[in-house]
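**Student:** Next up is a structure, given as structure tokens.
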Amino acid sequence: MLVMGAGLVFATASVLAILPGALAGRSGRAWVIAARAPAVPARAHSGSDGAGPISQSVVPKAAGLIPGCHAASRGSHYVNPLARARVKPERIDQGVDYAGAGTLAAIGAAKITYVATTGTGWPGSFIEYRLLDGTYAGCYVYYAEGVNPTAGLRVGQMVAAGQPIASIIPGWATGVELGWGAGISTVTYAAKTHQWNATSDANSKASAAGKSFSALIASLGGPAGKVEG
């Protein structure tokens with residue numbers, strides 16, 4: 001019986017070892033990574049301006065909304081990207097619109113995936129980066145319209161949480177927009193998933209992706225956008 005018991009334990013362990021690899025092509029891999037992520041205790045905001053780092057445990061979960069996002073195997077702190085700017089929140093659409101001036105920083109450790117100031121299909125520039133760790137690892141974030149990339153910012157560049165990557169152009173007619181990107185040229189996640197179209201724009205409809213990003217900004221101490229439609 002001892003021999004049979006040992007064999008059963010060995011067989012069970014073998015199956016468990018093989019299972020994550022068999023599921024790697026689907027959602028199993030993300031689940032395994034999330035399950036191994038260390039717990040990070042929540043921490044209060046350091047101030048009303050949201051300049052201090054926020055524990056990933058207080059950030060809204062996006063894994064169910066934004067495919068490709070998953071808790072990374074190592075923790076990370078995110079920061080308010082608007083901490084060095086003076087902005088007025090406007091409507092939530094594909095992302096979140098703001099008017100104002102100042103510097104925009106990276107939310108977390110990231111890799112720059114797109115930088116352009118002309119030919120973007122937007123009324124202005126388009127900058128995108130992909131978060132490398134933390135709750136939103138794998139997600140793309142974009143800053144668009146009335147922004148200027150910091151000098152030398154380039155695709156493939158690694159940036160740290162809180163590192164300046166763009167400046168707001170004061171008085172820009174359409175302001176600036178921050179939100180979830182799709183990782184495809186200058187396409188937003190809301191547009192890719194058909195949450196946003198011309199009718200949505202005309203009716204000032206707030207997309208689910210826009211609301212999610214607004215909640216993220218608010219959790220980091222920044223101003224949430226406005227639902228108008």
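So you can find residues: chains in the structure tokens are A, B, ... in the order shown, residues in each start at 1, and ligands are numbered from 1 in order.
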When you look at Val147 (chain A) with a cut-off of 12 Å (counting only C-alpha atoms), what residues show up, excluding the ones that are within fewer than 4 positions of it in the same chain? I need them as a VMD selection string.

**Tutor:** chain A and resid 98 to 105 115 to 118 122 to 128 142 to 143 164 to 178

**Student:** Using N, CA and C atoms, can you export the residues from the last selection as a JSON list (two decimals), in the first residue's frame?

**Tutor:**
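Generated file (out07.json):
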```json
[["chain", "number", "residue", "atom", "x", "y", "z"],
["A", 98, "TYR", "N", -8.53, 65.66, -20.61],
["A", 98, "TYR", "CA", -8.13, 66.68, -19.65],
["A", 98, "TYR", "C", -7.70, 67.94, -20.39],
["A", 99, "ALA", "N", -7.81, 69.08, -19.71],
["A", 99, "ALA", "CA", -7.27, 70.33, -20.21],
["A", 99, "ALA", "C", -6.34, 70.87, -19.14],
["A", 100, "GLY", "N", -5.25, 71.50, -19.54],
["A", 100, "GLY", "CA", -4.34, 72.04, -18.53],
["A", 100, "GLY", "C", -2.93, 72.19, -19.06],
["A", 101, "ALA", "N", -1.97, 72.04, -18.16],
["A", 101, "ALA", "CA", -0.56, 72.20, -18.50],
["A", 101, "ALA", "C", 0.28, 71.37, -17.54],
["A", 102, "GLY", "N", 1.52, 71.11, -17.93],
["A", 102, "GLY", "CA", 2.41, 70.36, -17.06],
["A", 102, "GLY", "C", 2.99, 69.14, -17.74],
["A", 103, "THR", "N", 3.52, 68.24, -16.93],
["A", 103, "THR", "CA", 4.23, 67.06, -17.40],
["A", 103, "THR", "C", 3.42, 65.80, -17.15],
["A", 104, "LEU", "N", 3.46, 64.88, -18.10],
["A", 104, "LEU", "CA", 2.82, 63.57, -17.95],
["A", 104, "LEU", "C", 3.91, 62.53, -17.74],
["A", 105, "ALA", "N", 3.72, 61.68, -16.75],
["A", 105, "ALA", "CA", 4.72, 60.66, -16.43],
["A", 105, "ALA", "C", 4.18, 59.26, -16.71],
["A", 115, "VAL", "N", 5.56, 56.43, -30.81],
["A", 115, "VAL", "CA", 5.78, 57.86, -30.62],
["A", 115, "VAL", "C", 5.63, 58.55, -31.96],
["A", 116, "ALA", "N", 4.69, 59.48, -32.08],
["A", 116, "ALA", "CA", 4.51, 60.25, -33.32],
["A", 116, "ALA", "C", 3.82, 61.56, -33.01],
["A", 117, "THR", "N", 4.21, 62.59, -33.73],
["A", 117, "THR", "CA", 3.59, 63.91, -33.54],
["A", 117, "THR", "C", 2.77, 64.33, -34.76],
["A", 118, "THR", "N", 2.92, 63.62, -35.87],
["A", 118, "THR", "CA", 2.13, 63.91, -37.07],
["A", 118, "THR", "C", 1.64, 62.60, -37.69],
["A", 122, "TRP", "N", -5.08, 61.44, -35.12],
["A", 122, "TRP", "CA", -5.60, 62.19, -33.98],
["A", 122, "TRP", "C", -5.32, 63.67, -34.22],
["A", 123, "PRO", "N", -6.02, 64.57, -33.51],
["A", 123, "PRO", "CA", -5.71, 65.99, -33.61],
["A", 123, "PRO", "C", -4.47, 66.32, -32.77],
["A", 124, "GLY", "N", -3.34, 65.74, -33.16],
["A", 124, "GLY", "CA", -2.11, 65.95, -32.43],
["A", 124, "GLY", "C", -1.26, 64.69, -32.35],
["A", 125, "SER", "N", -0.52, 64.55, -31.29],
["A", 125, "SER", "CA", 0.45, 63.46, -31.12],
["A", 125, "SER", "C", -0.20, 62.19, -30.58],
["A", 126, "PHE", "N", 0.59, 61.12, -30.60],
["A", 126, "PHE", "CA", 0.15, 59.86, -30.00],
["A", 126, "PHE", "C", 1.39, 59.17, -29.43],
["A", 127, "ILE", "N", 1.34, 58.88, -28.14],
["A", 127, "ILE", "CA", 2.42, 58.18, -27.44],
["A", 127, "ILE", "C", 1.81, 56.98, -26.74],
["A", 128, "GLU", "N", 2.46, 55.84, -26.86],
["A", 128, "GLU", "CA", 1.94, 54.62, -26.22],
["A", 128, "GLU", "C", 3.08, 53.87, -25.55],
["A", 142, "TYR", "N", -1.99, 54.95, -23.57],
["A", 142, "TYR", "CA", -1.67, 56.00, -24.54],
["A", 142, "TYR", "C", -1.92, 57.38, -23.98],
["A", 143, "TYR", "N", -1.13, 58.36, -24.46],
["A", 143, "TYR", "CA", -1.34, 59.78, -24.22],
["A", 143, "TYR", "C", -1.44, 60.42, -25.59],
["A", 164, "PRO", "N", 9.09, 61.33, -16.57],
["A", 164, "PRO", "CA", 8.38, 62.18, -17.53],
["A", 164, "PRO", "C", 8.53, 61.65, -18.95],
["A", 165, "ILE", "N", 7.41, 61.57, -19.68],
["A", 165, "ILE", "CA", 7.49, 61.11, -21.06],
["A", 165, "ILE", "C", 6.81, 62.08, -22.03],
["A", 166, "ALA", "N", 6.07, 63.06, -21.50],
["A", 166, "ALA", "CA", 5.41, 64.02, -22.38],
["A", 166, "ALA", "C", 5.05, 65.28, -21.60],
["A", 167, "SER", "N", 4.83, 66.37, -22.33],
["A", 167, "SER", "CA", 4.37, 67.61, -21.72],
["A", 167, "SER", "C", 3.07, 68.03, -22.39],
["A", 168, "ILE", "N", 2.16, 68.57, -21.61],
["A", 168, "ILE", "CA", 0.88, 69.04, -22.14],
["A", 168, "ILE", "C", 1.09, 70.38, -22.83],
["A", 169, "ILE", "N", 0.50, 70.54, -24.00],
["A", 169, "ILE", "CA", 0.57, 71.81, -24.71],
["A", 169, "ILE", "C", -0.58, 72.69, -24.21],
["A", 170, "PRO", "N", -0.28, 73.76, -23.47],
["A", 170, "PRO", "CA", -1.35, 74.61, -22.91],
["A", 170, "PRO", "C", -2.23, 75.21, -24.01],
["A", 171, "GLY", "N", -3.53, 75.20, -23.77],
["A", 171, "GLY", "CA", -4.46, 75.82, -24.70],
["A", 171, "GLY", "C", -4.76, 75.02, -25.95],
["A", 172, "TRP", "N", -4.31, 73.76, -26.01],
["A", 172, "TRP", "CA", -4.60, 72.93, -27.18],
["A", 172, "TRP", "C", -6.12, 72.75, -27.31],
["A", 173, "ALA", "N", -6.64, 72.95, -28.52],
["A", 173, "ALA", "CA", -8.10, 72.98, -28.73],
["A", 173, "ALA", "C", -8.82, 71.76, -28.17],
["A", 174, "THR", "N", -8.24, 70.58, -28.36],
["A", 174, "THR", "CA", -8.91, 69.36, -27.91],
["A", 174, "THR", "C", -8.36, 68.84, -26.59],
["A", 175, "GLY", "N", -7.45, 69.55, -25.98],
["A", 175, "GLY", "CA", -6.86, 69.09, -24.73],
["A", 175, "GLY", "C", -6.00, 67.86, -24.93],
["A", 176, "VAL", "N", -5.96, 67.00, -23.93],
["A", 176, "VAL", "CA", -5.20, 65.75, -24.02],
["A", 176, "VAL", "C", -6.12, 64.60, -23.64],
["A", 177, "GLU", "N", -5.75, 63.40, -24.08],
["A", 177, "GLU", "CA", -6.53, 62.21, -23.74],
["A", 177, "GLU", "C", -5.59, 61.10, -23.30],
["A", 178, "LEU", "N", -5.93, 60.46, -22.19],
["A", 178, "LEU", "CA", -5.17, 59.33, -21.66],
["A", 178, "LEU", "C", -6.09, 58.12, -21.60]]
```

**Student:** Need to verify the contact set: region 185-195 of chain A, 8 Å, only C-alpha atoms, exclusion of same-chain residues closer than 3 positions in sequence. Can you return it as a tab-separated table (two decimals) with N, CA and C atoms, in the first residue's frame?

**Tutor:**
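Saved to selection.tsv:
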```tsv
chain	number	residue	atom	x	y	z
A	66	ILE	N	-9.41	44.05	-19.98
A	66	ILE	CA	-8.37	44.29	-20.97
A	66	ILE	C	-7.58	43.01	-21.19
A	94	GLN	N	-13.13	57.41	-25.30
A	94	GLN	CA	-12.29	56.23	-25.48
A	94	GLN	C	-11.35	56.08	-24.29
A	95	GLY	N	-10.94	57.23	-23.78
A	95	GLY	CA	-10.10	57.30	-22.58
A	95	GLY	C	-10.67	58.37	-21.68
A	114	TYR	N	5.08	53.36	-29.15
A	114	TYR	CA	4.69	54.23	-30.27
A	114	TYR	C	4.95	55.69	-29.89
A	120	THR	N	-0.99	60.87	-37.14
A	120	THR	CA	-1.47	59.90	-36.15
A	120	THR	C	-2.94	59.54	-36.31
A	121	GLY	N	-3.68	60.36	-37.07
A	121	GLY	CA	-5.12	60.16	-37.15
A	121	GLY	C	-5.84	60.83	-36.00
A	126	PHE	N	0.59	61.12	-30.60
A	126	PHE	CA	0.15	59.86	-30.00
A	126	PHE	C	1.39	59.17	-29.43
A	142	TYR	N	-1.99	54.95	-23.57
A	142	TYR	CA	-1.67	56.00	-24.54
A	142	TYR	C	-1.92	57.38	-23.98
A	179	GLY	N	-5.58	56.94	-21.93
A	179	GLY	CA	-6.44	55.76	-21.87
A	179	GLY	C	-5.71	54.47	-22.16
A	180	TRP	N	-6.48	53.40	-22.31
A	180	TRP	CA	-5.93	52.08	-22.64
A	180	TRP	C	-5.73	51.99	-24.15
A	181	GLY	N	-4.53	51.60	-24.56
A	181	GLY	CA	-4.23	51.41	-25.97
A	181	GLY	C	-4.44	49.97	-26.39
A	182	ALA	N	-4.40	49.75	-27.70
A	182	ALA	CA	-4.58	48.40	-28.23
A	182	ALA	C	-3.27	47.75	-28.65
A	207	SER	N	-17.02	54.92	-22.78
A	207	SER	CA	-16.75	53.51	-23.03
A	207	SER	C	-16.37	52.81	-21.73
A	208	ALA	N	-16.51	51.51	-21.71
A	208	ALA	CA	-16.12	50.73	-20.53
A	208	ALA	C	-14.62	50.87	-20.28
A	209	ALA	N	-13.84	50.88	-21.36
A	209	ALA	CA	-12.39	51.04	-21.23
A	209	ALA	C	-12.06	52.41	-20.66
A	210	GLY	N	-12.78	53.43	-21.10
A	210	GLY	CA	-12.56	54.78	-20.57
A	210	GLY	C	-12.87	54.86	-19.09
```

**Student:** Separation of CA of Arg91 (chain A) and CA of Asp201 (chain A), in Å?

**Tutor:**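 CA of Asp201 (chain A) lies 10.6 Å from CA of Arg91 (chain A).
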
**Student:** Find the distance between CA of Ile112 (chain A) and CA of Leu220 (chain A) and write it in Å to one decimal.

**Tutor:** 21.1 Å

**Student:** Could you pull the residues within 12 Å of region 159-163 of chain A, counting only C-alpha atoms, minus those fewer than 3 positions along the same chain, as number ranges by chain?

**Tutor:** A: 50-54, 76-84, 103-113, 128-134, 150, 153-156, 166-167, 220

**Student:** Could you turn the residues from that selection into a file that holds C-alpha atoms, as a PDB file, in the first residue's frame?

**Tutor:**
```pdb
ATOM      1  CA  GLY A  50      -1.215  61.499  -5.567  1.00  0.00           C
ATOM      2  CA  ALA A  51       2.512  62.063  -6.071  1.00  0.00           C
ATOM      3  CA  GLY A  52       3.484  59.073  -3.960  1.00  0.00           C
ATOM      4  CA  PRO A  53       3.555  55.476  -5.255  1.00  0.00           C
ATOM      5  CA  ILE A  54       0.433  53.387  -4.703  1.00  0.00           C
ATOM      6  CA  SER A  76       5.296  46.990  -8.585  1.00  0.00           C
ATOM      7  CA  HIS A  77       4.216  50.446  -7.538  1.00  0.00           C
ATOM      8  CA  TYR A  78       2.241  52.704  -9.841  1.00  0.00           C
ATOM      9  CA  VAL A  79       2.129  56.499  -9.666  1.00  0.00           C
ATOM     10  CA  ASN A  80      -0.297  59.209 -10.687  1.00  0.00           C
ATOM     11  CA  PRO A  81       0.757  60.237 -14.236  1.00  0.00           C
ATOM     12  CA  LEU A  82      -0.790  63.689 -13.663  1.00  0.00           C
ATOM     13  CA  ALA A  83       1.043  64.465 -10.411  1.00  0.00           C
ATOM     14  CA  ARG A  84       3.248  67.075 -12.133  1.00  0.00           C
ATOM     15  CA  THR A 103       4.227  67.062 -17.401  1.00  0.00           C
ATOM     16  CA  LEU A 104       2.818  63.571 -17.947  1.00  0.00           C
ATOM     17  CA  ALA A 105       4.717  60.656 -16.425  1.00  0.00           C
ATOM     18  CA  ALA A 106       4.677  56.904 -16.934  1.00  0.00           C
ATOM     19  CA  ILE A 107       2.270  55.106 -14.589  1.00  0.00           C
ATOM     20  CA  GLY A 108       4.727  52.276 -14.010  1.00  0.00           C
ATOM     21  CA  ALA A 109       7.810  50.594 -15.429  1.00  0.00           C
ATOM     22  CA  ALA A 110       7.133  50.342 -19.144  1.00  0.00           C
ATOM     23  CA  LYS A 111       8.428  50.006 -22.695  1.00  0.00           C
ATOM     24  CA  ILE A 112       7.618  52.736 -25.233  1.00  0.00           C
ATOM     25  CA  THR A 113       5.773  51.206 -28.209  1.00  0.00           C
ATOM     26  CA  GLU A 128       1.942  54.619 -26.216  1.00  0.00           C
ATOM     27  CA  TYR A 129       3.747  52.379 -23.773  1.00  0.00           C
ATOM     28  CA  ARG A 130       3.278  48.857 -22.425  1.00  0.00           C
ATOM     29  CA  LEU A 131       3.393  48.268 -18.682  1.00  0.00           C
ATOM     30  CA  LEU A 132       5.966  45.661 -17.694  1.00  0.00           C
ATOM     31  CA  ASP A 133       4.930  44.705 -14.170  1.00  0.00           C
ATOM     32  CA  GLY A 134       2.317  45.110 -11.493  1.00  0.00           C
ATOM     33  CA  THR A 150      10.000  64.446 -24.058  1.00  0.00           C
ATOM     34  CA  LEU A 153      11.722  59.601 -26.406  1.00  0.00           C
ATOM     35  CA  ARG A 154      11.818  56.644 -28.790  1.00  0.00           C
ATOM     36  CA  VAL A 155      10.159  53.303 -29.478  1.00  0.00           C
ATOM     37  CA  GLY A 156      11.811  50.501 -27.525  1.00  0.00           C
ATOM     38  CA  ALA A 166       5.411  64.020 -22.379  1.00  0.00           C
ATOM     39  CA  SER A 167       4.367  67.607 -21.719  1.00  0.00           C
ATOM     40  CA  LEU A 220      -3.666  56.798  -7.930  1.00  0.00           C
TER      41      LEU A 220
END
```

**Student:** Hey, can you check how far CA of Asn148 (chain A) sits from CA of Ile92 (chain A)?

**Tutor:**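 Those two atoms sit 21.6 Å apart.
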